[in-house]
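Participant: The structure follows.
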Number of protein chains: 2
Amino acid sequence: MAQQSCPYQCPVEAAFDFIGGKWKALIIWHIGKSSRRYSEIKQKLPKISPHILSRQLKMLEDNGLILRKQHEGIPPRVEYTLTAAGLGLLPILDLTCDWAIAHYPEHIPKGFFKQPPGS
Amino acid sequence: MAQQSCPYQCPVEAAFDFIGGKWKALIIWHIGKSSRRYSEIKQKLPKISPHILSRQLKMLEDNGLILRKQHEGIPPRVEYTLTAAGLGLLPILDLTCDWAIAHYPEHIPKGFFKQPPGS
DNA sequence: CGGAATCCTCGAGGATACTG
DNA sequence: CAGTATCCTCGAGGATTCCG
């Protein structure tokens, strides 16, 4: 058998390896409980480049956080939804959102209103 | 007045800027509700280099997540504790830990037992 | 003991152009 | 529409040495 490849000392370390980085948590958050197309996610994250979004989605898929469903036809149509693991993250991201609002109000964009996760 | 420098579209983005990266969440987690010396944290994180630990602690202090208390004397003695913001993160990290254990049991080190946060 | 100073690696993230 | 293909930047993280 190959190595278990468990370089983590602590579950928190593993978790941040899966959802850390600049975009992954945001993508999970924006998919929420719904189904999102590539271009919908792109619109919500205007600053991400297509290449990076594509790569992040691939990583999330490989790590079992999202599902990619491709509908054949012209034009192409791809839908992303969260897996059970991804859905399990939503309450945590929700709390994280509350935490940031509570402790760093000056870093919250003006006029930001929190929508229930998975709107 | 200088720019507000609020480059975040969403509180989750801000939060991950503060606690993202390879070490910050782990450091918060290991300080917990107690007071930890530099060398205690270093022992819990054997793979971090002194320089990096120092820099991460500085960032956490600058972002208002931890407090640094220096006791003068020889030998030097520095204690780190969490601020209110840092403490507010503990329940979230606790849930994150549970989440990883639930969904990625194969990435959890054998024999890992979760201690109540802030042990 | 708890760092600081210096230098370096490496890969996440990005810009741009192109395509089935 | 939903990506690939190339090439590039830049800074987090690291190794090593030195210090009050």
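Residue numbers start at 1 in each chain; chains themselves are named A, B, ... in the order of the structure tokens; ligands are numbered from 1 in the order shown.
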Using only C-alpha atoms (C1' of nucleotides) and a cut-off of 10 Å, which residues of chain A sit close to chain D? Please list them as an mmCIF file with N, CA, C and O atoms, in the first residue's frame.
Facilitator:
```cif
data_model
loop_
_atom_site.group_PDB
_atom_site.id
_atom_site.type_symbol
_atom_site.label_atom_id
_atom_site.label_comp_id
_atom_site.auth_asym_id
_atom_site.auth_seq_id
_atom_site.Cartn_x
_atom_site.Cartn_y
_atom_site.Cartn_z
ATOM 1 N N ARG A 37 -23.669 27.809 -12.161
ATOM 2 C CA ARG A 37 -22.899 27.615 -13.378
ATOM 3 C C ARG A 37 -21.579 28.337 -13.238
ATOM 4 O O ARG A 37 -21.426 29.263 -12.441
ATOM 5 N N TYR A 38 -20.631 27.894 -14.055
ATOM 6 C CA TYR A 38 -19.304 28.520 -14.067
ATOM 7 C C TYR A 38 -19.408 30.038 -14.170
ATOM 8 O O TYR A 38 -18.810 30.775 -13.385
ATOM 9 N N SER A 39 -20.208 30.497 -15.103
ATOM 10 C CA SER A 39 -20.284 31.947 -15.336
ATOM 11 C C SER A 39 -20.973 32.680 -14.192
ATOM 12 O O SER A 39 -20.703 33.855 -13.956
ATOM 13 N N PRO A 50 -10.328 33.388 -15.296
ATOM 14 C CA PRO A 50 -10.957 32.124 -15.691
ATOM 15 C C PRO A 50 -10.069 30.925 -15.366
ATOM 16 O O PRO A 50 -10.549 29.901 -14.888
ATOM 17 N N HIS A 51 -8.795 31.100 -15.624
ATOM 18 C CA HIS A 51 -7.857 30.026 -15.380
ATOM 19 C C HIS A 51 -7.841 29.610 -13.916
ATOM 20 O O HIS A 51 -7.907 28.426 -13.583
ATOM 21 N N LEU A 53 -10.119 30.271 -11.571
ATOM 22 C CA LEU A 53 -11.407 29.719 -11.152
ATOM 23 C C LEU A 53 -11.499 28.256 -11.559
ATOM 24 O O LEU A 53 -11.891 27.400 -10.773
ATOM 25 N N SER A 54 -11.101 27.993 -12.772
ATOM 26 C CA SER A 54 -11.130 26.622 -13.262
ATOM 27 C C SER A 54 -10.282 25.700 -12.386
ATOM 28 O O SER A 54 -10.695 24.599 -12.019
ATOM 29 N N ILE A 74 -24.931 22.283 -27.120
ATOM 30 C CA ILE A 74 -24.391 23.581 -27.485
ATOM 31 C C ILE A 74 -25.426 24.623 -27.129
ATOM 32 O O ILE A 74 -26.584 24.503 -27.561
ATOM 33 N N PRO A 75 -25.069 25.645 -26.364
ATOM 34 C CA PRO A 75 -23.757 25.863 -25.747
ATOM 35 C C PRO A 75 -23.535 24.927 -24.559
ATOM 36 O O PRO A 75 -24.508 24.421 -24.004
ATOM 37 N N PRO A 76 -22.285 24.717 -24.180
ATOM 38 C CA PRO A 76 -21.987 23.875 -23.027
ATOM 39 C C PRO A 76 -22.636 24.439 -21.779
ATOM 40 O O PRO A 76 -22.919 25.645 -21.690
ATOM 41 N N ARG A 77 -22.876 23.564 -20.843
ATOM 42 C CA ARG A 77 -23.522 23.998 -19.613
ATOM 43 C C ARG A 77 -23.008 23.104 -18.500
ATOM 44 O O ARG A 77 -23.133 21.884 -18.571
ATOM 45 N N VAL A 78 -22.407 23.735 -17.497
ATOM 46 C CA VAL A 78 -21.839 22.985 -16.376
ATOM 47 C C VAL A 78 -22.410 23.542 -15.090
ATOM 48 O O VAL A 78 -22.469 24.758 -14.905
#
```
Participant: Counting only C-alpha atoms, which residues in chain B sit no more than 8 Å from chain A? For each one, give the nearest pair of atoms and the distance in Å, sorted by chain then residue number, as a tab-separated table.
Facilitator:
```
residue	atom	partner	partner_atom	distance
B:Gln4	CA	A:Glu106	CA	7.9
B:Ser5	CA	A:His107	CA	7.8
B:Cys6	CA	A:His107	CA	5.2
B:Pro7	CA	A:His107	CA	7.9
B:Tyr8	CA	A:Pro109	CA	6.5
B:Gln9	CA	A:Pro109	CA	6.2
B:Cys10	CA	A:Ile108	CA	6.7
B:Pro11	CA	A:Cys97	CA	5.2
B:Val12	CA	A:Cys97	CA	5.1
B:Glu13	CA	A:Leu26	CA	6.7
B:Ala14	CA	A:His107	CA	6.8
B:Ala15	CA	A:Ala100	CA	5.7
B:Phe16	CA	A:Gly20	CA	7.3
B:Asp17	CA	A:Lys22	CA	7.6
B:Gly20	CA	A:Gly20	CA	5.8
B:Gly21	CA	A:Gly20	CA	6.7
B:Lys22	CA	A:Phe16	CA	7.4
B:Ala25	CA	A:Val12	CA	7.5
B:Leu26	CA	A:Glu13	CA	6.7
B:Ala85	CA	A:His103	CA	5.9
B:Gly88	CA	A:Trp99	CA	7.0
B:Leu89	CA	A:Trp99	CA	7.3
B:Ile92	CA	A:Ile92	CA	6.4
B:Leu93	CA	A:Val12	CA	6.9
B:Leu95	CA	A:Ile92	CA	6.8
B:Thr96	CA	A:Val12	CA	6.3
B:Cys97	CA	A:Val12	CA	5.1
B:Asp98	CA	A:Pro11	CA	7.9
B:Trp99	CA	A:Gly88	CA	7.0
B:Ala100	CA	A:Pro11	CA	5.6
B:Ile101	CA	A:Pro11	CA	6.5
B:His103	CA	A:Ala85	CA	5.9
B:Glu106	CA	A:Cys6	CA	7.6
B:His107	CA	A:Cys6	CA	5.3
B:Ile108	CA	A:Pro11	CA	5.8
B:Pro109	CA	A:Gln9	CA	6.2
B:Phe112	CA	A:Cys10	CA	7.5
```
Participant: For the contact check between chain C and chain B, emit one row per residue of chain C within 8 Å, containing the shortest atom pair and the distance in Å rounded to one decimal, counting only C-alpha atoms (C1' of nucleotides), chain then rising number order, as a tab-separated table.
Facilitator:
```
residue	atom	partner	partner_atom	distance
C:DC1	C1'	B:Pro76	CA	5.3
C:DG2	C1'	B:Pro76	CA	6.8
C:DG3	C1'	B:Ser54	CA	7.1
```
Participant: Write the residues of the preceding selection, restricted to all heavy atoms, as an mmCIF file, in the first residue's frame.
Facilitator:
```cif
data_model
loop_
_atom_site.group_PDB
_atom_site.id
_atom_site.type_symbol
_atom_site.label_atom_id
_atom_site.label_comp_id
_atom_site.auth_asym_id
_atom_site.auth_seq_id
_atom_site.Cartn_x
_atom_site.Cartn_y
_atom_site.Cartn_z
ATOM 1 P P DC C 1 15.871 27.928 26.928
ATOM 2 O OP1 DC C 1 14.889 27.154 27.668
ATOM 3 O OP2 DC C 1 16.311 27.457 25.619
ATOM 4 O "O5'" DC C 1 15.306 29.402 26.758
ATOM 5 C "C5'" DC C 1 14.614 29.984 27.868
ATOM 6 C "C4'" DC C 1 14.104 31.319 27.398
ATOM 7 O "O4'" DC C 1 15.234 32.080 26.894
ATOM 8 C "C3'" DC C 1 13.115 31.188 26.244
ATOM 9 O "O3'" DC C 1 11.992 31.996 26.574
ATOM 10 C "C2'" DC C 1 13.865 31.719 25.012
ATOM 11 C "C1'" DC C 1 14.949 32.601 25.609
ATOM 12 N N1 DC C 1 16.257 32.543 24.859
ATOM 13 C C2 DC C 1 16.845 33.730 24.428
ATOM 14 O O2 DC C 1 16.251 34.803 24.641
ATOM 15 N N3 DC C 1 18.019 33.690 23.781
ATOM 16 C C4 DC C 1 18.626 32.520 23.576
ATOM 17 N N4 DC C 1 19.808 32.533 22.940
ATOM 18 C C5 DC C 1 18.052 31.289 24.008
ATOM 19 C C6 DC C 1 16.880 31.341 24.643
ATOM 20 P P DG C 2 10.654 31.928 25.731
ATOM 21 O OP1 DG C 2 9.559 32.438 26.583
ATOM 22 O OP2 DG C 2 10.550 30.594 25.110
ATOM 23 O "O5'" DG C 2 10.927 33.017 24.599
ATOM 24 C "C5'" DG C 2 11.078 34.374 25.019
ATOM 25 C "C4'" DG C 2 11.537 35.195 23.853
ATOM 26 O "O4'" DG C 2 12.867 34.792 23.470
ATOM 27 C "C3'" DG C 2 10.682 35.037 22.578
ATOM 28 O "O3'" DG C 2 10.450 36.311 22.005
ATOM 29 C "C2'" DG C 2 11.558 34.170 21.694
ATOM 30 C "C1'" DG C 2 12.922 34.709 22.076
ATOM 31 N N9 DG C 2 14.045 33.880 21.654
ATOM 32 C C8 DG C 2 14.100 32.510 21.549
ATOM 33 N N7 DG C 2 15.254 32.063 21.123
ATOM 34 C C5 DG C 2 16.015 33.211 20.939
ATOM 35 C C6 DG C 2 17.350 33.373 20.480
ATOM 36 O O6 DG C 2 18.153 32.497 20.144
ATOM 37 N N1 DG C 2 17.734 34.706 20.442
ATOM 38 C C2 DG C 2 16.929 35.767 20.802
ATOM 39 N N2 DG C 2 17.453 36.979 20.701
ATOM 40 N N3 DG C 2 15.663 35.626 21.226
ATOM 41 C C4 DG C 2 15.283 34.334 21.270
ATOM 42 P P DG C 3 9.224 36.469 20.940
ATOM 43 O OP1 DG C 3 9.042 37.917 20.658
ATOM 44 O OP2 DG C 3 8.110 35.686 21.457
ATOM 45 O "O5'" DG C 3 9.752 35.755 19.598
ATOM 46 C "C5'" DG C 3 10.176 36.555 18.516
ATOM 47 C "C4'" DG C 3 11.573 37.096 18.759
ATOM 48 O "O4'" DG C 3 12.464 36.007 19.051
ATOM 49 C "C3'" DG C 3 12.171 37.781 17.550
ATOM 50 O "O3'" DG C 3 11.878 39.158 17.589
ATOM 51 C "C2'" DG C 3 13.671 37.540 17.680
ATOM 52 C "C1'" DG C 3 13.778 36.409 18.705
ATOM 53 N N9 DG C 3 14.473 35.222 18.192
ATOM 54 C C8 DG C 3 13.984 33.936 18.153
ATOM 55 N N7 DG C 3 14.840 33.070 17.683
ATOM 56 C C5 DG C 3 15.970 33.830 17.401
ATOM 57 C C6 DG C 3 17.226 33.446 16.878
ATOM 58 O O6 DG C 3 17.601 32.317 16.541
ATOM 59 N N1 DG C 3 18.085 34.529 16.744
ATOM 60 C C2 DG C 3 17.777 35.834 17.078
ATOM 61 N N2 DG C 3 18.702 36.747 16.873
ATOM 62 N N3 DG C 3 16.603 36.197 17.585
ATOM 63 C C4 DG C 3 15.756 35.156 17.712
#
```
Participant: Apply DSSP to the backbone of this structure and, from chain B, keep only the residues in strand (DSSP E); write these as an NGL selection string.
Facilitator: :B and (36-37 or 66-71 or 77-82)
Participant: Convert the current residue selection to file output with N, CA, C and O atoms, as a PDB file, in the first residue's frame.
Facilitator:
```pdb
ATOM      1  N   ARG B  36       0.434  31.080  26.427  1.00  0.00           N
ATOM      2  CA  ARG B  36       1.511  30.225  25.939  1.00  0.00           C
ATOM      3  C   ARG B  36       2.783  31.024  25.701  1.00  0.00           C
ATOM      4  O   ARG B  36       2.741  32.136  25.185  1.00  0.00           O
ATOM      5  N   ARG B  37       3.878  30.403  26.051  1.00  0.00           N
ATOM      6  CA  ARG B  37       5.165  31.013  25.762  1.00  0.00           C
ATOM      7  C   ARG B  37       5.573  30.655  24.338  1.00  0.00           C
ATOM      8  O   ARG B  37       5.122  29.673  23.770  1.00  0.00           O
ATOM      9  N   ILE B  66      -4.132  38.237  18.891  1.00  0.00           N
ATOM     10  CA  ILE B  66      -3.423  37.792  20.092  1.00  0.00           C
ATOM     11  C   ILE B  66      -2.788  38.975  20.802  1.00  0.00           C
ATOM     12  O   ILE B  66      -2.587  40.043  20.214  1.00  0.00           O
ATOM     13  N   LEU B  67      -2.485  38.763  22.063  1.00  0.00           N
ATOM     14  CA  LEU B  67      -1.773  39.759  22.866  1.00  0.00           C
ATOM     15  C   LEU B  67      -0.393  39.222  23.203  1.00  0.00           C
ATOM     16  O   LEU B  67      -0.241  38.045  23.548  1.00  0.00           O
ATOM     17  N   ARG B  68       0.588  40.092  23.153  1.00  0.00           N
ATOM     18  CA  ARG B  68       1.960  39.716  23.484  1.00  0.00           C
ATOM     19  C   ARG B  68       2.350  40.431  24.769  1.00  0.00           C
ATOM     20  O   ARG B  68       2.309  41.663  24.832  1.00  0.00           O
ATOM     21  N   LYS B  69       2.682  39.662  25.782  1.00  0.00           N
ATOM     22  CA  LYS B  69       3.105  40.266  27.041  1.00  0.00           C
ATOM     23  C   LYS B  69       4.526  39.849  27.352  1.00  0.00           C
ATOM     24  O   LYS B  69       4.828  38.667  27.507  1.00  0.00           O
ATOM     25  N   GLN B  70       5.411  40.860  27.404  1.00  0.00           N
ATOM     26  CA  GLN B  70       6.826  40.578  27.624  1.00  0.00           C
ATOM     27  C   GLN B  70       7.191  40.835  29.077  1.00  0.00           C
ATOM     28  O   GLN B  70       7.013  41.935  29.587  1.00  0.00           O
ATOM     29  N   HIS B  71       7.710  39.806  29.732  1.00  0.00           N
ATOM     30  CA  HIS B  71       8.185  39.952  31.109  1.00  0.00           C
ATOM     31  C   HIS B  71       9.682  40.222  31.049  1.00  0.00           C
ATOM     32  O   HIS B  71      10.448  39.388  30.578  1.00  0.00           O
ATOM     33  N   ARG B  77      11.102  36.293  28.789  1.00  0.00           N
ATOM     34  CA  ARG B  77       9.902  35.467  28.919  1.00  0.00           C
ATOM     35  C   ARG B  77       8.763  36.222  28.258  1.00  0.00           C
ATOM     36  O   ARG B  77       8.466  37.357  28.624  1.00  0.00           O
ATOM     37  N   VAL B  78       8.147  35.597  27.276  1.00  0.00           N
ATOM     38  CA  VAL B  78       7.057  36.235  26.544  1.00  0.00           C
ATOM     39  C   VAL B  78       5.853  35.323  26.575  1.00  0.00           C
ATOM     40  O   VAL B  78       5.977  34.128  26.337  1.00  0.00           O
ATOM     41  N   GLU B  79       4.724  35.884  26.905  1.00  0.00           N
ATOM     42  CA  GLU B  79       3.487  35.104  26.962  1.00  0.00           C
ATOM     43  C   GLU B  79       2.519  35.620  25.905  1.00  0.00           C
ATOM     44  O   GLU B  79       2.357  36.825  25.740  1.00  0.00           O
ATOM     45  N   TYR B  80       1.885  34.688  25.220  1.00  0.00           N
ATOM     46  CA  TYR B  80       0.870  35.055  24.234  1.00  0.00           C
ATOM     47  C   TYR B  80      -0.499  34.562  24.701  1.00  0.00           C
ATOM     48  O   TYR B  80      -0.637  33.429  25.138  1.00  0.00           O
ATOM     49  N   THR B  81      -1.478  35.442  24.582  1.00  0.00           N
ATOM     50  CA  THR B  81      -2.861  35.070  24.891  1.00  0.00           C
ATOM     51  C   THR B  81      -3.764  35.590  23.786  1.00  0.00           C
ATOM     52  O   THR B  81      -3.387  36.490  23.034  1.00  0.00           O
ATOM     53  N   LEU B  82      -4.945  35.015  23.701  1.00  0.00           N
ATOM     54  CA  LEU B  82      -5.886  35.467  22.673  1.00  0.00           C
ATOM     55  C   LEU B  82      -6.641  36.710  23.135  1.00  0.00           C
ATOM     56  O   LEU B  82      -6.958  36.861  24.311  1.00  0.00           O
TER      57      LEU B  82
END
```
Participant: Choose the residue, out of A:Ile52, A:Ile28, A:Leu90, A:Ile41, that has the smallest atom-to-atom separation from DA12 of chain C; count only C-alpha atoms (C1' of nucleotides).
Facilitator: A:Ile52
Participant: Report as a PyMOL selection string: the residues of chain B with a DSSP assignment of helix (DSSP H, G or I), based on the backbone of this structure.
Facilitator: chain B and resi 11-19+24-31+38-44+50-62+84-103+105-107
